Each structure stands twice: as structure tokens, then as C-alpha cells.
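Right, one structure below, let's go through it.
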Amino acid sequence: MKYQDEYRDPVAAQNLLRAIHNTISQPWTIMEVCGGQTHSIVRYGIDQLLPPEIELVHGPGCPVCVTPLELIDKAVDIASRPDVTFCSFGDMLRVPGSRSDLLAVKANGGDVRIIYSPLDCLKIAARNPARTVVFFAVGFETTAPANAMALWQAKRRGLDNFAVLVSHVLVPPAMTAVLQSPNNRVQGFLGAGHVCSVMGCQEYRDLARQFHVPIVVTGFEPLDLLEGIYRCVRMLENHEIGVENQYARAVPTIGNPASQKLLQEVFEVTDRMWRGIGTIPRSGYRLSAMYADFDAEQRFSLARIDTSESSQCISGAILQGGKKPYDCPIFGTACTPASPQGATMVSSEGACAAYYNYRRRLSPSNAELSNRQVQQT
Amino acid sequence: MCLGIPGLVIELYTEHDVLMGRVDFDGVRKEVCLAYLPEVSVGNYVIVHVGFALSIVDETEAQEVFKFLDQMSELDELDGMQP
Ligand code: SF4
């Protein structure tokens, strides 16, 4: 596909790797913020091709991973009601709640549907006026504009039987949390390209200045990631702080003004709880007063559920760059994508799932893991 | 969820007063909301997330990494010519 295949060219990748080797003179720790980038890096083995001085740590940018357990439980509660049609992006269905998941609700006869676009929910709502259509509005700045448009249209069209369960999160406050952590090791960032397509680069300039770090807004293909890493290393070596835009083909500096305008109308910034990390101030969206009628949490009386996470899971430390999946004692044994014990094993964009899917047999350096594999076979 | 895919806009229309279009992803055609790109036209490549186009791919910028790589290999050739 155009704008995809050419960014996977192995010869060009070799040249970029050479440029990185020629530039680096000392160890650097770089975080890729977005789960989509983590997935590409592990899938193509990019981290293993880099010079040993570079350590890539994986960031908090996986929406499925950071959606709190409590919200999953609320989704399961709402989706189980007989008069509700519950709509969600496919990757939320398998996320385990405290007692059940959406897939189980569906298997037990619940009306749970996977949608491609949030606008699909409006079609379902218009066709089924007797049912309440609830959409699980999760994700970062990349999905928020789509969800905002569904709400804007529902309001204009008077679709009163539409509601949303909102758990939107924002990337810059999570980067701030990483940088403010006393254990922070991150010296430079690959910024999440598609988030910047929406919001632009200004917030990142402020972050770079405040915390004296280089940030390279980066795309998702192997050449994008390698160029992003090259530029980040170059900035680190030259002691430059600020923002460079590797992904300018899809990221205008100002972002997408039309979507920013609607986001401001439909949502307002609020504190959000991040699974594995905790509450981060002003790190997400809730519905603005004008759209409060669409709030599913207000429309249904939801029982308070006490949630508890696995005590062995270290996904919080992984999402903040402190640890790697191999550091977890139950990685690949008690915790696998089929029975995930924590946030980062749930989604294919999660670091633990990416390591499990692409790297189980490829870690000669990790003696403990290879022992475990020997035991398994 | 954050993975946007590039596709070619092949048709524009409006639905409920909102700009929509058909976008071709390597032969697979989907209905995509284009309301956030009022300047879009047929023939543009757009990056699509969950049924919404959020940016038009800039052709000139798309070539930048390859220009950089070309420059690098020219430098290499120059290096190679030195005694
Ligand atoms: S392997 Fe499972 S339990 Fe361990 S950190 Fe990852 S998600 Fe948590």
C-alpha cells in the first residue's frame, strides 16, 4: 500500500541504522510513547538492531491497557441489561473485568456489538428507538474526535436513546507523570504521531522546555521509527532540547483545528485514573455540561464494585518505563494473552503482549525465560 | 486503536449534513467521515482512525526521509573516493 510499503524498505532501514551507529557515543534511554509504536518496534525487532547503547522503554500509550478495571466492570454491568445494545471497538471485548468481560456477556446472549466507527452506533440507535445504544468511548486524542462527532450528531438529530461510557485519556499528562516520577530514567521521547495529527506539537514544546528533554514526533512504520530514534539520538548527543517532527507527512504543527474545536465543545478536561499507574491530574476527558445528558454513568444506576488487581503484576512500572515485561515473574507462565493478569498483556498494543507474541523464543540473554520455555516444552 | 491507516479518497458526499467519503485501502473500500478535513479532495491520501480521516498525507513531506537517505549515500560515495 502507498505510504506503507516504502517505509518498510530493508536497505533504507540499514542506512538509518548505520546513521544511528555513527552518531551515538554514550548510553541513552528513549521512551516510545504510543502502544502502536511499541507493537511495530517489537514486531520488526527494531530494538534488537539498535546499538547496545540505546535502551528503548515502552510508554503508557496503550488505551486498552490503561482503561481502569472499574470502567470495564461498569461496561459489563451496562452491557448485561436486557434493553441495552452495547457497542465497542473490538479490542475492548477481551479485557477482563473483576468478574467477567464483554465477550462473556455477548456469549451469554447480551447484545454486544463490535463497531468500526462510532457513527455506526448512531445508525443502530436510529433503527432501534426502543433500545438504549451505549458506546464505550475509550482511547487517546486519536479516537476522541470520532467519539465527539458521534455525540455532536446524536444531539443534533435528537437521538435520545444514545449514551456513552467515557474513559478518554490524554498523552501529555502521562508523559509529565513519567518525567516527574522519582525513578524516571527516560532521557528522550518518540512522540505519538497520530495523537499529534489531532493536537499538534505545541503541548510537546512546553513539555520539552519544562523538563529539558528532546521529543521527536514519530510515525509507525519501521523507517519512521528508525528515523525518529536517529533524530532523538542526534538531539541527545548535541544536548538539544525541543521538538522535531519526523512524521510531518501526517502531522501539521498546528494539528487538526476542526477536530480540536469539536473536542472543546463536547468534552472537558478532568482527572483520570490510569490502570496500573493511578490517578493523573487533568489527564483525560469527560463530557462537557452541554452533553451531560449522554453520560451512561448518569443514566444507569451502577452498583459500586470493589476491584482488585493481581498482586504480582508490574504493568504500572512497565507503562512508566521503569521495568520490562521480562522482569515480571509470571510473564508467559501465569500471564499470557489468553489469560492476561494485567493491563499490558491485554491488548496487542501492550508491551507484555507484544513481547509474548513476537519474542518468546528470542531472548537468549534472559536465562530465566529460556529455562521456563525449556520446562514448558 | 491508535493505528491510523493511509487510504485514497475516491468519492465525496454528505450525510446528515456531514462531509463523508469513500476511501480505498488497497482495494478495500470503506465509508469514512471527512468532516475534520474540509479542504480534502478526491485523489488525496488521508490517514484514517476508527472511520475518521484526521490528516491529509503531505506528498512533499513524505519524501523527506528518502531525501535524507540519498544525501547520506552520496556522502558515503564521496568518502569512498577519498584516498
Ligand atoms: S506479564 Fe502479565 S502480570 Fe506480568 S506485568 Fe505483564 S501484564 Fe502484568
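Chain labels follow the order of the C-alpha cells: the first chain is A, the next B, and so on; residue numbering restarts at 1 in every chain, and ligands are counted from 1 in their shown order.
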Next item on the list: Considering only C-alpha atoms, return as a PyMOL selection string whatever protein or nucleic-acid residues lie within 6 Å of range 23-35 of chain B, sequence-local ones (same chain, fewer than 6 positions apart) excluded.
Entry: (chain A and resi 1) or (chain B and resi 7-10+51-53)
Go ahead and save the residues from that selection, with C-alpha atoms, as a compact mmCIF listing (two decimals), in the first residue's frame.
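Contents of result.txt, freshly written:
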```txt
# COMPACT_ATOMS: atom_id res chain seq x y z
CA MET A 1 0.00 0.00 0.00
CA GLY B 7 -6.09 5.37 2.15
CA LEU B 8 -7.06 7.09 -1.12
CA VAL B 9 -10.19 9.27 -1.22
CA ILE B 10 -12.27 8.18 -4.22
CA GLY B 51 -13.70 5.65 10.46
CA PHE B 52 -12.46 9.25 10.66
CA ALA B 53 -9.85 10.92 8.48
```
Close residues, Phe66 in chain B itself excluded, 10 Å, only C-alpha atoms, min 5 positions apart in chain, as a CSV table (one decimal) with N, CA and C atoms, in the first residue's frame:
```csv
chain,number,residue,atom,x,y,z
A,6,GLU,N,6.8,1.6,1.2
A,6,GLU,CA,8.1,2.2,1.0
A,6,GLU,C,8.8,2.5,2.3
A,7,TYR,N,7.9,2.6,3.4
A,7,TYR,CA,8.5,2.8,4.7
A,7,TYR,C,8.9,1.6,5.5
A,12,ALA,N,16.9,0.8,3.1
A,12,ALA,CA,16.9,2.1,3.7
A,12,ALA,C,17.0,2.0,5.2
A,223,LEU,N,10.8,2.6,9.0
A,223,LEU,CA,11.7,3.7,8.7
A,223,LEU,C,11.3,4.9,9.6
B,61,GLU,N,6.4,16.2,2.1
B,61,GLU,CA,7.0,15.7,3.4
B,61,GLU,C,7.2,14.2,3.4
B,71,GLN,N,21.0,11.7,0.5
B,71,GLN,CA,22.2,12.5,0.9
B,71,GLN,C,23.2,11.7,1.6
B,72,MET,N,22.8,10.8,2.5
B,72,MET,CA,23.7,10.0,3.2
B,72,MET,C,24.6,9.1,2.3
```
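Within the 10 Å cut-off around Lys106 in chain A, using only C-alpha atoms and omitting residues fewer than 5 positions from it on the same chain, the listed residues are Val76, Ala79, Ser80, Phe86, Leu93, Asp101, Asp111, Val112 and Arg113 of chain A.
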Margin query: Residues of chain B within 7 Å of chain A, counting only C-alpha atoms - could you list those as a list in words?
Written below: Cys2, Leu3, Pro6, Asp26, Tyr36, His49, Val50, Gly51, Phe52, Leu54, Ser55, Ile56, Val57, Asp58, Glu59, Glu61, Ala62 and Leu69 of chain B
For the residues in the current selection, export N, CA and C atoms as an mmCIF file, in the first residue's frame.
```
data_model
loop_
_atom_site.group_PDB
_atom_site.id
_atom_site.type_symbol
_atom_site.label_atom_id
_atom_site.label_comp_id
_atom_site.auth_asym_id
_atom_site.auth_seq_id
_atom_site.Cartn_x
_atom_site.Cartn_y
_atom_site.Cartn_z
ATOM 1 N N CYS B 2 -4.957 3.201 18.031
ATOM 2 C CA CYS B 2 -4.317 4.438 17.589
ATOM 3 C C CYS B 2 -3.690 4.289 16.218
ATOM 4 N N LEU B 3 -3.765 3.093 15.666
ATOM 5 C CA LEU B 3 -3.103 2.852 14.408
ATOM 6 C C LEU B 3 -3.926 3.423 13.266
ATOM 7 N N PRO B 6 -3.243 4.748 5.966
ATOM 8 C CA PRO B 6 -3.414 5.647 4.825
ATOM 9 C C PRO B 6 -4.325 5.033 3.763
ATOM 10 N N ASP B 26 -6.087 -0.111 -0.423
ATOM 11 C CA ASP B 26 -5.563 -1.247 -1.177
ATOM 12 C C ASP B 26 -6.660 -2.194 -1.652
ATOM 13 N N TYR B 36 -13.517 16.482 9.424
ATOM 14 C CA TYR B 36 -12.392 17.190 10.034
ATOM 15 C C TYR B 36 -11.370 17.662 9.012
ATOM 16 N N HIS B 49 -8.562 6.904 11.234
ATOM 17 C CA HIS B 49 -8.680 6.221 12.526
ATOM 18 C C HIS B 49 -10.149 5.957 12.780
ATOM 19 N N VAL B 50 -10.490 4.781 13.183
ATOM 20 C CA VAL B 50 -11.864 4.395 13.536
ATOM 21 C C VAL B 50 -12.912 5.124 12.691
ATOM 22 N N GLY B 51 -12.692 5.094 11.364
ATOM 23 C CA GLY B 51 -13.697 5.653 10.462
ATOM 24 C C GLY B 51 -13.639 7.154 10.267
ATOM 25 N N PHE B 52 -12.601 7.797 10.791
ATOM 26 C CA PHE B 52 -12.459 9.250 10.663
ATOM 27 C C PHE B 52 -11.096 9.605 10.085
ATOM 28 N N LEU B 54 -8.128 12.083 9.773
ATOM 29 C CA LEU B 54 -7.635 13.154 10.644
ATOM 30 C C LEU B 54 -6.517 13.969 10.019
ATOM 31 N N SER B 55 -5.874 13.441 8.947
ATOM 32 C CA SER B 55 -4.918 14.293 8.240
ATOM 33 C C SER B 55 -4.774 13.855 6.793
ATOM 34 N N ILE B 56 -4.432 14.829 5.954
ATOM 35 C CA ILE B 56 -4.140 14.542 4.552
ATOM 36 C C ILE B 56 -2.638 14.305 4.458
ATOM 37 N N VAL B 57 -2.223 13.232 3.791
ATOM 38 C CA VAL B 57 -0.791 12.950 3.694
ATOM 39 C C VAL B 57 -0.133 13.989 2.777
ATOM 40 N N ASP B 58 0.900 14.632 3.277
ATOM 41 C CA ASP B 58 1.624 15.658 2.531
ATOM 42 C C ASP B 58 2.710 14.979 1.693
ATOM 43 N N GLU B 59 2.518 15.049 0.373
ATOM 44 C CA GLU B 59 3.384 14.314 -0.559
ATOM 45 C C GLU B 59 4.850 14.761 -0.448
ATOM 46 N N GLU B 61 6.417 16.197 2.141
ATOM 47 C CA GLU B 61 6.986 15.747 3.413
ATOM 48 C C GLU B 61 7.240 14.236 3.390
ATOM 49 N N ALA B 62 6.388 13.522 2.663
ATOM 50 C CA ALA B 62 6.515 12.064 2.628
ATOM 51 C C ALA B 62 7.846 11.633 2.030
ATOM 52 N N LEU B 69 18.176 9.956 3.185
ATOM 53 C CA LEU B 69 18.935 8.727 2.928
ATOM 54 C C LEU B 69 19.795 8.873 1.676
#
```
Taking only C-alpha atoms and all ligand atoms into account, list the residues no farther than 10 Å from ligand 1, as a CSV table (one decimal) with C-alpha atoms, in the first residue's frame.
```csv
chain,number,residue,atom,x,y,z
A,65,CYS,CA,-4.1,-1.2,28.8
A,276,GLY,CA,-1.5,0.3,36.5
A,309,GLU,CA,-5.6,-6.2,40.6
A,310,SER,CA,-3.1,-9.1,40.5
A,311,SER,CA,-0.5,-8.5,43.2
A,312,GLN,CA,2.3,-9.9,41.0
A,313,CYS,CA,1.6,-7.7,38.0
A,314,ILE,CA,4.2,-4.9,37.4
A,315,SER,CA,2.4,-3.3,34.5
A,316,GLY,CA,2.4,0.0,36.2
A,317,ALA,CA,6.2,0.1,36.2
A,318,ILE,CA,6.3,-1.2,32.6
A,319,LEU,CA,3.9,1.6,31.4
A,323,LYS,CA,10.6,-2.2,34.0
A,324,LYS,CA,10.4,-4.5,31.0
A,325,PRO,CA,8.0,-7.5,30.5
A,326,TYR,CA,10.8,-10.0,31.2
A,327,ASP,CA,11.2,-8.5,34.7
A,328,CYS,CA,7.7,-9.9,35.6
A,329,PRO,CA,7.9,-13.2,37.5
A,330,ILE,CA,4.7,-14.5,35.8
A,331,PHE,CA,5.3,-13.3,32.2
A,332,GLY,CA,4.5,-16.1,29.8
A,333,THR,CA,3.5,-18.5,32.6
A,334,ALA,CA,0.6,-17.5,34.7
A,335,CYS,CA,0.1,-14.4,32.5
A,336,THR,CA,-0.5,-14.9,28.7
A,337,PRO,CA,-2.7,-13.1,26.2
A,339,SER,CA,-5.4,-15.3,30.4
A,340,PRO,CA,-4.0,-11.9,31.0
A,341,GLN,CA,-3.3,-10.9,34.6
A,342,GLY,CA,-2.6,-7.3,33.9
A,343,ALA,CA,-3.1,-4.3,31.7
A,344,THR,CA,-0.1,-4.7,29.4
A,345,MET,CA,-0.9,-8.3,28.4
A,346,VAL,CA,-4.5,-7.5,27.4
A,347,SER,CA,-4.1,-5.5,24.2
A,350,GLY,CA,0.5,-3.6,25.2
A,351,ALA,CA,4.2,-4.2,25.8
A,352,CYS,CA,3.8,-7.6,27.5
A,353,ALA,CA,1.5,-8.9,24.7
A,355,TYR,CA,6.9,-9.5,23.8
A,356,TYR,CA,4.8,-12.6,24.2
```
Next item on the list: Would you list the contacts of Ile54 in chain A as a ChimeraX atom specification, taking every protein, DNA or RNA residue within 10 Å and counting only C-alpha atoms, but skipping same-chain residues closer than 6 positions in sequence?
Entry: /A:20-21,24,26-30,47-48,229,233
Check: CA of Gln320 in chain A and CA of Ala177 in chain A, how far apart in Å?
Finding: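 Taking CA of Ala177 in chain A and CA of Gln320 in chain A, their separation equals 8.2 Å.
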Check: Separation of CA of Gly109 in chain A and CA of His168 in chain A, in Å?
Finding: 28.0 Å
Next item on the list: May I have all residues of range 134-181 of chain A that DSSP, computed from the backbone, assigns to helix (DSSP H, G or I), given as number ranges by chain?
Entry: A: 144-156, 171-180
Next item on the list: Compile the contact shell of Gly284 in chain A as a ChimeraX atom specification: residues with an atom at most 12 Å away, counting only C-alpha atoms, same-chain residues fewer than 2 positions apart removed.
Entry: /A:63,66-67,137-141,144,166-174,263,267-274,279-282,286-287
Margin query: Please compute the CA of Val213 in chain A-CA of Val65 in chain B distance, one decimal, in Å.
Written below: 23.0 Å
Next item on the list: Please provide the set of residues having any atom within 6 Å of range 182-191 of chain A, restricted to only C-alpha atoms, with same-chain residues fewer than 3 positions apart removed, written as a list in words.
Entry: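 Here the answer would be Thr29, Ile30, Met31, Glu32, Val33, Leu179, Val213, Pro214, Ile215, Val216, Val217 and Thr218 of chain A.
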Could you save the residues just selected, with N, CA and C atoms, as a PDB file, in the first residue's frame?
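As a result, selection_29.pdb now contains:
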```
ATOM      1  N   THR A  29      18.548   6.405  27.189  1.00  0.00           N
ATOM      2  CA  THR A  29      17.267   5.714  27.362  1.00  0.00           C
ATOM      3  C   THR A  29      16.161   6.548  26.717  1.00  0.00           C
ATOM      4  N   ILE A  30      15.483   5.936  25.756  1.00  0.00           N
ATOM      5  CA  ILE A  30      14.456   6.641  24.986  1.00  0.00           C
ATOM      6  C   ILE A  30      13.131   5.901  25.161  1.00  0.00           C
ATOM      7  N   MET A  31      12.066   6.659  25.384  1.00  0.00           N
ATOM      8  CA  MET A  31      10.745   6.029  25.509  1.00  0.00           C
ATOM      9  C   MET A  31       9.919   6.286  24.255  1.00  0.00           C
ATOM     10  N   GLU A  32       9.338   5.204  23.672  1.00  0.00           N
ATOM     11  CA  GLU A  32       8.319   5.423  22.648  1.00  0.00           C
ATOM     12  C   GLU A  32       7.000   5.458  23.386  1.00  0.00           C
ATOM     13  N   VAL A  33       6.221   6.503  23.133  1.00  0.00           N
ATOM     14  CA  VAL A  33       5.065   6.758  23.986  1.00  0.00           C
ATOM     15  C   VAL A  33       3.882   5.872  23.617  1.00  0.00           C
ATOM     16  N   LEU A 179       7.936  11.778  33.585  1.00  0.00           N
ATOM     17  CA  LEU A 179       9.099  12.645  33.824  1.00  0.00           C
ATOM     18  C   LEU A 179       9.205  13.080  35.279  1.00  0.00           C
ATOM     19  N   VAL A 213      13.970  17.928  27.777  1.00  0.00           N
ATOM     20  CA  VAL A 213      14.121  16.682  27.029  1.00  0.00           C
ATOM     21  C   VAL A 213      13.894  16.943  25.541  1.00  0.00           C
ATOM     22  N   PRO A 214      14.518  16.130  24.696  1.00  0.00           N
ATOM     23  CA  PRO A 214      14.149  16.147  23.287  1.00  0.00           C
ATOM     24  C   PRO A 214      12.945  15.223  23.037  1.00  0.00           C
ATOM     25  N   ILE A 215      12.053  15.674  22.168  1.00  0.00           N
ATOM     26  CA  ILE A 215      10.889  14.865  21.792  1.00  0.00           C
ATOM     27  C   ILE A 215      10.834  14.854  20.266  1.00  0.00           C
ATOM     28  N   VAL A 216      10.801  13.674  19.670  1.00  0.00           N
ATOM     29  CA  VAL A 216      10.669  13.591  18.220  1.00  0.00           C
ATOM     30  C   VAL A 216       9.314  12.966  17.897  1.00  0.00           C
ATOM     31  N   VAL A 217       8.423  13.760  17.334  1.00  0.00           N
ATOM     32  CA  VAL A 217       7.113  13.249  16.916  1.00  0.00           C
ATOM     33  C   VAL A 217       7.354  12.234  15.796  1.00  0.00           C
ATOM     34  N   THR A 218       6.890  10.999  15.991  1.00  0.00           N
ATOM     35  CA  THR A 218       7.331   9.897  15.140  1.00  0.00           C
ATOM     36  C   THR A 218       6.148   9.053  14.650  1.00  0.00           C
TER      37      THR A 218
END
```
